[in-house]
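Remarks on the structure that follows.
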Amino acid sequence: MTEGGKDFGYGHITRCSSIFQAFEHYNIFPKFIVKGDESIKSVIPDIDVEIDDWLNDFSLLSKADIVVIDSYFADLEFYKILSNKVPLVVYMDDNNRLEYPKGVVVNGTLDTSNMNYFQRENIRYLIGNEFIPLRKDFWDIPKLKINDSIVNILITMGGNDLRNLTPKILKLLIDNYPDVNKKVIIADSFKNIQEIESLKNEYVEFIYSPDSCKLIDTMSSVDLAISASGQTLYELACIGVPTIAIGIIDNQKNNIKNWINQGFVEYAGCWDDKNLFHNVLNKIEYLQNKNIRQDKKLLGIQAVNGRGSLNIVRNVLNEFYKDNSIFRSIQKEDCLKIFEIANDDEVRKNSFNSDKIPLEDHKKWFNNILKDDSVKFHVLEYENELIGQLRLDFDEKYPVISISLNKKYRGLGLSKVLLAKGLELLDGKVIAYIKKENSRSISFFKSMGFKKECEVVIKNCDALKFVKE
């Protein structure tokens, strides 16, 4: 749930759309509800957005498991009601605006050290630049090639050009750099399109309401950008486009300060500074130096890796399943579900017997396990679906532990949840045997406090024996 439109911009909508896409990446399909106007649909044309005044309609939440909310309008009382109605609430925050109730607080900015987030028991904080959310087309993209000179300049003043800066900056460039190519982003919600278009010449190209693919192509084709100081700065940094930033609204001040300290942007001033256009020209001259632009590129891509929305959703789902799943002993009804996990290609590859398991063989084995006192077999379950399985074999002097996850739940950090719950069943030493080639499992067990004891051979496979006290 968020807000946006012609009168107050589209930054929240853009970053929420990236989180929406990250949920889809994990095969979870959210509802996107926006308090705003119809112009929103041109900003996120690929998402079925519902325009509704969610601030005054809690009925929209009747079936929600998780709510992600990105708002300057909602107050603390609203958040308290929300947190009591929904199992997990995720608050998108920019400046430690409120003392949020239970849930997850996300602040994907460059520097949060001065925001004084107090650690509280019922709050999980996802703080810092690894949680900067960008749309999926930015998750894996080639970085900018730095050319010897500035040949192409991009002008991008946000979703509505609130301060009517686009025509003024374009005129400035036409007068001072007539032979440089100017690429201008124009959104449908601009109220000054005629004024901008009146400046058209052979060195000016207009890009109308680009989707993220077109935007990336455009950003990747320029040597320099002149940009408003909102969400677009993160996208430019991800590609590595040296950027001159202009402050548009007051709530960007902290963001601008962080960018200046980080070194990626050159700040020309606020929209109403009397020296703004003089400063823009000075910054362009400064950035003529190829080495400086190369340094700016590296600082940008170091600050923003593009995968923040995936990091957010992975942690949110981990928190949700950790608190809403059940860890229990196996039951006879679990037979086929465990068969599906055990016969998964990835699980078989990492097993000491990598052959596929016939169903009848599995049923016999499973029925024997149910009666076997030397084995403890548990599952992690959410709404009748198995997240993963954990087995403890007590045939040796010390129990041997093994785990595997349903492929639907991989990549969410739930192996740690499953293993931690299994270790709670034990008192003393526990052993894990891992194929030598299975580097991911080796790293995982090391992260959980297991130490390599020796090398062994199991069923003709080279393996490592790990032990945890």
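The chains in the structure tokens are called A, B, ... from first to last as shown; in each chain the residues are counted from 1, and the ligands are counted from 1 in the order shown.
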
TODO: Would you please extract all helix (DSSP H, G or I) residues from range 213-406 of chain A, as assigned by DSSP on the backbone, and give them as a ChimeraX atom specification?
DONE: /A:213-219,232-239,250-262,276-286,290-303,308-324,332-342,345-350,359-371

For those residues, write C-alpha atoms to a file as a CSV table (one decimal), in the first residue's frame.
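The resulting file, result.csv, is shown below:
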chain,number,residue,atom,x,y,z
A,213,CYS,CA,13.9,-1.3,-20.0
A,214,LYS,CA,13.8,1.9,-22.1
A,215,LEU,CA,15.0,3.9,-19.2
A,216,ILE,CA,18.0,1.6,-18.7
A,217,ASP,CA,18.8,1.9,-22.5
A,218,THR,CA,18.7,5.7,-22.2
A,219,MET,CA,20.7,5.9,-19.1
A,232,THR,CA,16.1,8.1,-10.0
A,233,LEU,CA,19.5,8.8,-8.3
A,234,TYR,CA,19.6,5.2,-7.1
A,235,GLU,CA,18.9,3.9,-10.7
A,236,LEU,CA,21.6,6.2,-12.2
A,237,ALA,CA,24.1,5.0,-9.5
A,238,CYS,CA,23.3,1.3,-10.2
A,239,ILE,CA,24.3,1.8,-13.9
A,250,ASP,CA,12.4,19.4,1.5
A,251,ASN,CA,12.3,15.7,2.4
A,252,GLN,CA,15.2,15.0,0.0
A,253,LYS,CA,17.7,16.9,2.1
A,254,ASN,CA,18.9,14.0,4.1
A,255,ASN,CA,19.2,11.9,0.9
A,256,ILE,CA,21.2,14.6,-0.8
A,257,LYS,CA,23.5,14.9,2.2
A,258,ASN,CA,24.2,11.2,2.1
A,259,TRP,CA,24.9,11.3,-1.7
A,260,ILE,CA,27.3,14.2,-1.3
A,261,ASN,CA,29.2,12.4,1.5
A,262,GLN,CA,29.3,9.2,-0.5
A,276,LEU,CA,21.6,27.0,-9.5
A,277,PHE,CA,22.1,27.2,-13.3
A,278,HIS,CA,25.6,28.7,-12.9
A,279,ASN,CA,26.4,25.8,-10.6
A,280,VAL,CA,25.1,23.3,-13.2
A,281,LEU,CA,27.4,24.7,-15.8
A,282,ASN,CA,30.4,24.5,-13.4
A,283,LYS,CA,29.6,20.9,-12.5
A,284,ILE,CA,29.5,20.0,-16.2
A,285,GLU,CA,32.9,21.5,-16.7
A,286,TYR,CA,34.3,19.7,-13.7
A,290,LYS,CA,37.2,11.3,-17.8
A,291,ASN,CA,39.1,10.1,-14.7
A,292,ILE,CA,36.6,11.9,-12.4
A,293,ARG,CA,33.7,10.4,-14.3
A,294,GLN,CA,35.3,7.0,-14.0
A,295,ASP,CA,35.6,7.5,-10.2
A,296,LYS,CA,32.0,8.6,-10.0
A,297,LYS,CA,30.9,5.4,-11.9
A,298,LEU,CA,32.7,3.2,-9.4
A,299,LEU,CA,31.3,5.0,-6.4
A,300,GLY,CA,27.8,4.6,-7.8
A,301,ILE,CA,27.9,0.9,-8.5
A,302,GLN,CA,29.5,0.3,-5.1
A,303,ALA,CA,26.7,2.1,-3.4
A,308,GLY,CA,17.9,-4.4,-2.8
A,309,SER,CA,14.3,-5.3,-3.4
A,310,LEU,CA,15.2,-9.0,-3.5
A,311,ASN,CA,17.1,-8.6,-0.2
A,312,ILE,CA,14.1,-7.0,1.4
A,313,VAL,CA,11.6,-9.6,0.3
A,314,ARG,CA,13.9,-12.5,1.2
A,315,ASN,CA,14.3,-11.1,4.7
A,316,VAL,CA,10.5,-10.3,5.0
A,317,LEU,CA,9.6,-13.9,4.0
A,318,ASN,CA,12.1,-15.3,6.4
A,319,GLU,CA,10.6,-13.3,9.2
A,320,PHE,CA,7.0,-14.3,8.2
A,321,TYR,CA,7.7,-18.1,7.9
A,322,LYS,CA,9.8,-18.1,11.0
A,323,ASP,CA,7.0,-16.8,13.0
A,324,ASN,CA,4.1,-18.5,11.3
A,332,LYS,CA,2.0,-40.8,8.0
A,333,GLU,CA,0.2,-38.1,6.0
A,334,ASP,CA,3.6,-36.5,5.1
A,335,CYS,CA,4.8,-39.5,3.0
A,336,LEU,CA,4.2,-38.0,-0.4
A,337,LYS,CA,5.2,-34.5,0.5
A,338,ILE,CA,8.5,-35.8,1.8
A,339,PHE,CA,8.9,-37.9,-1.3
A,340,GLU,CA,8.6,-34.7,-3.5
A,341,ILE,CA,11.3,-33.0,-1.4
A,342,ALA,CA,13.6,-36.0,-1.4
A,345,ASP,CA,17.0,-32.7,-8.5
A,346,GLU,CA,19.0,-30.5,-6.2
A,347,VAL,CA,18.4,-32.8,-3.2
A,348,ARG,CA,19.4,-35.9,-5.1
A,349,LYS,CA,22.5,-34.2,-6.5
A,350,ASN,CA,23.7,-33.5,-2.9
A,359,LEU,CA,7.8,-44.2,-5.0
A,360,GLU,CA,7.2,-47.7,-3.7
A,361,ASP,CA,10.7,-47.8,-2.2
A,362,HIS,CA,10.1,-44.5,-0.6
A,363,LYS,CA,6.8,-45.7,1.0
A,364,LYS,CA,8.5,-48.8,2.5
A,365,TRP,CA,11.4,-46.7,3.8
A,366,PHE,CA,9.0,-44.0,5.2
A,367,ASN,CA,6.8,-46.6,7.0
A,368,ASN,CA,9.9,-48.1,8.6
A,369,ILE,CA,11.1,-44.7,9.7
A,370,LEU,CA,7.8,-44.1,11.5
A,371,LYS,CA,8.6,-47.1,13.7

- [ ] Write out as a list of chain:residue names which residues come within 10 Å of Thr14 in chain A when counting only C-alpha atoms, dropping same-chain ones fewer than 3 positions away.
- [x] A:Gly4, A:Gly9, A:Tyr10, A:Gly11, A:Ser17, A:Ser18, A:Ile19, A:Phe20, A:Ile40, A:Val43, A:Ile44, A:Pro133, A:Leu134, A:Arg135, A:Gly159, A:Gln231, A:Thr232

Could you turn the residues from that selection into a file that holds C-alpha atoms, as a PDB file, in the first residue's frame?
ATOM      1  CA  GLY A   4       1.327   8.875  -5.382  1.00  0.00           C
ATOM      2  CA  GLY A   9       5.120  12.401  -7.317  1.00  0.00           C
ATOM      3  CA  TYR A  10       5.747   8.735  -8.020  1.00  0.00           C
ATOM      4  CA  GLY A  11       8.823   7.828  -5.970  1.00  0.00           C
ATOM      5  CA  SER A  17       6.677  -1.713  -7.660  1.00  0.00           C
ATOM      6  CA  SER A  18      10.192  -3.115  -7.262  1.00  0.00           C
ATOM      7  CA  ILE A  19       9.168  -4.907  -4.062  1.00  0.00           C
ATOM      8  CA  PHE A  20       6.035  -6.175  -5.814  1.00  0.00           C
ATOM      9  CA  ILE A  40      -0.290   6.068 -11.663  1.00  0.00           C
ATOM     10  CA  VAL A  43       4.064   4.777 -14.298  1.00  0.00           C
ATOM     11  CA  ILE A  44       3.584   1.050 -13.594  1.00  0.00           C
ATOM     12  CA  PRO A 133      14.899  -1.308  -3.808  1.00  0.00           C
ATOM     13  CA  LEU A 134      15.135  -1.093  -7.600  1.00  0.00           C
ATOM     14  CA  ARG A 135      12.889  -2.556 -10.291  1.00  0.00           C
ATOM     15  CA  GLY A 159       7.634  11.938 -12.552  1.00  0.00           C
ATOM     16  CA  GLN A 231      14.482   7.533  -6.569  1.00  0.00           C
ATOM     17  CA  THR A 232      16.133   8.130  -9.961  1.00  0.00           C
TER      18      THR A 232
END

Mind running range 207-250 of chain A against range 178-186 of chain A at 8 Å and telling me each contacting residue's nearest atom pair with the distance in Å (one decimal), counting only C-alpha atoms, chain and number ascending, as a tab-separated table?
residue	atom	partner	partner_atom	distance
A:Ile207	CA	A:Ile185	CA	4.9
A:Tyr208	CA	A:Ile186	CA	4.8
A:Ser209	CA	A:Ile186	CA	5.9
A:Pro210	CA	A:Ile185	CA	7.7
A:Thr218	CA	A:Lys183	CA	7.9

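Taking CA of Asp137 in chain A and CA of Gly306 in chain A as the two end points, the separation is 8.8 Å.
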
Long-range neighbours of range 440-454 of chain A as an mmCIF file with N, CA and C atoms, in the first residue's frame, 10 Å cut-off, only C-alpha atoms, 6 positions minimum in chain:
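Final file, around_12.cif:
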data_model
loop_
_atom_site.group_PDB
_atom_site.id
_atom_site.type_symbol
_atom_site.label_atom_id
_atom_site.label_comp_id
_atom_site.auth_asym_id
_atom_site.auth_seq_id
_atom_site.Cartn_x
_atom_site.Cartn_y
_atom_site.Cartn_z
ATOM 1 N N ASN A 350 22.929 -33.676 -4.147
ATOM 2 C CA ASN A 350 23.745 -33.496 -2.947
ATOM 3 C C ASN A 350 23.672 -34.678 -1.986
ATOM 4 N N GLY A 413 16.673 -18.128 3.542
ATOM 5 C CA GLY A 413 17.326 -18.254 4.838
ATOM 6 C C GLY A 413 16.619 -19.193 5.793
ATOM 7 N N SER A 415 16.780 -22.458 5.892
ATOM 8 C CA SER A 415 17.613 -23.571 6.354
ATOM 9 C C SER A 415 18.119 -23.300 7.769
ATOM 10 N N LYS A 416 18.454 -22.050 8.055
ATOM 11 C CA LYS A 416 18.926 -21.696 9.400
ATOM 12 C C LYS A 416 17.827 -21.897 10.434
ATOM 13 N N LEU A 419 17.427 -25.754 10.855
ATOM 14 C CA LEU A 419 18.545 -26.374 11.570
ATOM 15 C C LEU A 419 18.564 -25.938 13.036
ATOM 16 N N ALA A 420 18.297 -24.654 13.296
ATOM 17 C CA ALA A 420 18.295 -24.166 14.682
ATOM 18 C C ALA A 420 17.246 -24.903 15.515
ATOM 19 N N VAL A 430 26.912 -33.113 17.765
ATOM 20 C CA VAL A 430 26.129 -33.554 16.609
ATOM 21 C C VAL A 430 27.029 -33.514 15.378
ATOM 22 N N ILE A 431 26.762 -34.428 14.436
ATOM 23 C CA ILE A 431 27.622 -34.598 13.261
ATOM 24 C C ILE A 431 26.830 -34.322 11.995
ATOM 25 N N ALA A 432 27.513 -33.772 10.991
ATOM 26 C CA ALA A 432 26.926 -33.632 9.654
ATOM 27 C C ALA A 432 27.944 -34.110 8.633
ATOM 28 N N TYR A 433 27.511 -34.935 7.682
ATOM 29 C CA TYR A 433 28.367 -35.386 6.583
ATOM 30 C C TYR A 433 27.933 -34.649 5.312
ATOM 31 N N ILE A 434 28.898 -34.065 4.622
ATOM 32 C CA ILE A 434 28.580 -33.250 3.440
ATOM 33 C C ILE A 434 29.512 -33.631 2.303
ATOM 34 N N ALA A 463 33.741 -36.961 1.048
ATOM 35 C CA ALA A 463 32.883 -36.166 1.928
ATOM 36 C C ALA A 463 33.713 -35.566 3.064
ATOM 37 N N LEU A 464 33.086 -34.622 3.750
ATOM 38 C CA LEU A 464 33.685 -33.998 4.915
ATOM 39 C C LEU A 464 32.791 -34.258 6.134
ATOM 40 N N LYS A 465 33.453 -34.533 7.247
ATOM 41 C CA LYS A 465 32.721 -34.723 8.497
ATOM 42 C C LYS A 465 32.791 -33.438 9.313
ATOM 43 N N PHE A 466 31.621 -32.857 9.587
ATOM 44 C CA PHE A 466 31.551 -31.651 10.406
ATOM 45 C C PHE A 466 30.947 -31.965 11.765
ATOM 46 N N VAL A 467 31.426 -31.276 12.786
ATOM 47 C CA VAL A 467 30.982 -31.537 14.150
ATOM 48 C C VAL A 467 30.624 -30.218 14.829
ATOM 49 N N LYS A 468 29.567 -30.254 15.582
ATOM 50 C CA LYS A 468 29.202 -29.101 16.417
ATOM 51 C C LYS A 468 29.016 -29.578 17.842
ATOM 52 N N GLU A 469 29.670 -28.893 18.775
ATOM 53 C CA GLU A 469 29.516 -29.252 20.193
ATOM 54 C C GLU A 469 28.139 -28.811 20.682
#

- [ ] Run DSSP on the backbone of this structure and report the residues of range 240-439 of chain A it assigns to strand (DSSP E or B), as a ChimeraX atom specification.
- [x] /A:243-247,265-270,326-329,375-382,385-393,400-405,430-435

So that each row is one residue of range 407-467 of chain A with an atom at most 10 Å from range 383-397 of chain A, can you give its shortest atom pair and the distance in Å to one decimal, using only C-alpha atoms, rows by chain and rising number, as a tab-separated table?
residue	atom	partner	partner_atom	distance
A:Lys407	CA	A:Ile387	CA	8.4
A:Lys408	CA	A:Ile387	CA	7.8
A:Tyr409	CA	A:Ile387	CA	6.1
A:Arg410	CA	A:Ile387	CA	8.7
A:Leu414	CA	A:Ile387	CA	8.1
A:Ser415	CA	A:Gly388	CA	7.9
A:Leu418	CA	A:Leu390	CA	7.2
A:Leu419	CA	A:Leu390	CA	7.4
A:Lys421	CA	A:Leu390	CA	9.2
A:Gly422	CA	A:Leu390	CA	6.9
A:Leu423	CA	A:Leu392	CA	9.6
A:Leu425	CA	A:Leu392	CA	9.5
A:Leu426	CA	A:Leu392	CA	9.5
A:Lys429	CA	A:Lys397	CA	9.4
A:Val430	CA	A:Leu392	CA	9.1
A:Ile431	CA	A:Glu396	CA	9.4
A:Ala432	CA	A:Leu392	CA	9.7

Open item on the list: So the first atom is CA of Ile248 in chain A and the second is CA of Ile155 in chain A; what is the distance between them in Å, to one decimal place?
Closed with: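 We find that CA of Ile248 in chain A and CA of Ile155 in chain A lie 14.0 Å from each other.
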
Task: d(CA of Ser402 in chain A, CA of Asp355 in chain A) in Å - done: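 If I compute the distance from CA of Ser402 in chain A to CA of Asp355 in chain A, I get 17.7 Å.
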
Task: Who sits within 12 Å of range 56-60 of chain A, only C-alpha atoms, same chain under 3 positions skipped, as a list in words - done: Met1, Lys31, Phe32, Ile33, Val34, Lys35, Glu50, Ile51, Asp52, Asp53, Lys63, Ala64, Asp65, Val67, Phe73, Ala74, Phe78, Tyr79, Ile81, Leu82, Ser83, Asn84, Lys85 and Val86 of chain A

Open item on the list: Could you check the closest approach to Trp54 in chain A for each of A:Asn160, A:Ile169, A:Val204, A:Asp70 and tell me which residue wins, using only C-alpha atoms?
Closed with: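 Answer, going by the shortest atom-to-atom distance: A:Asp70.
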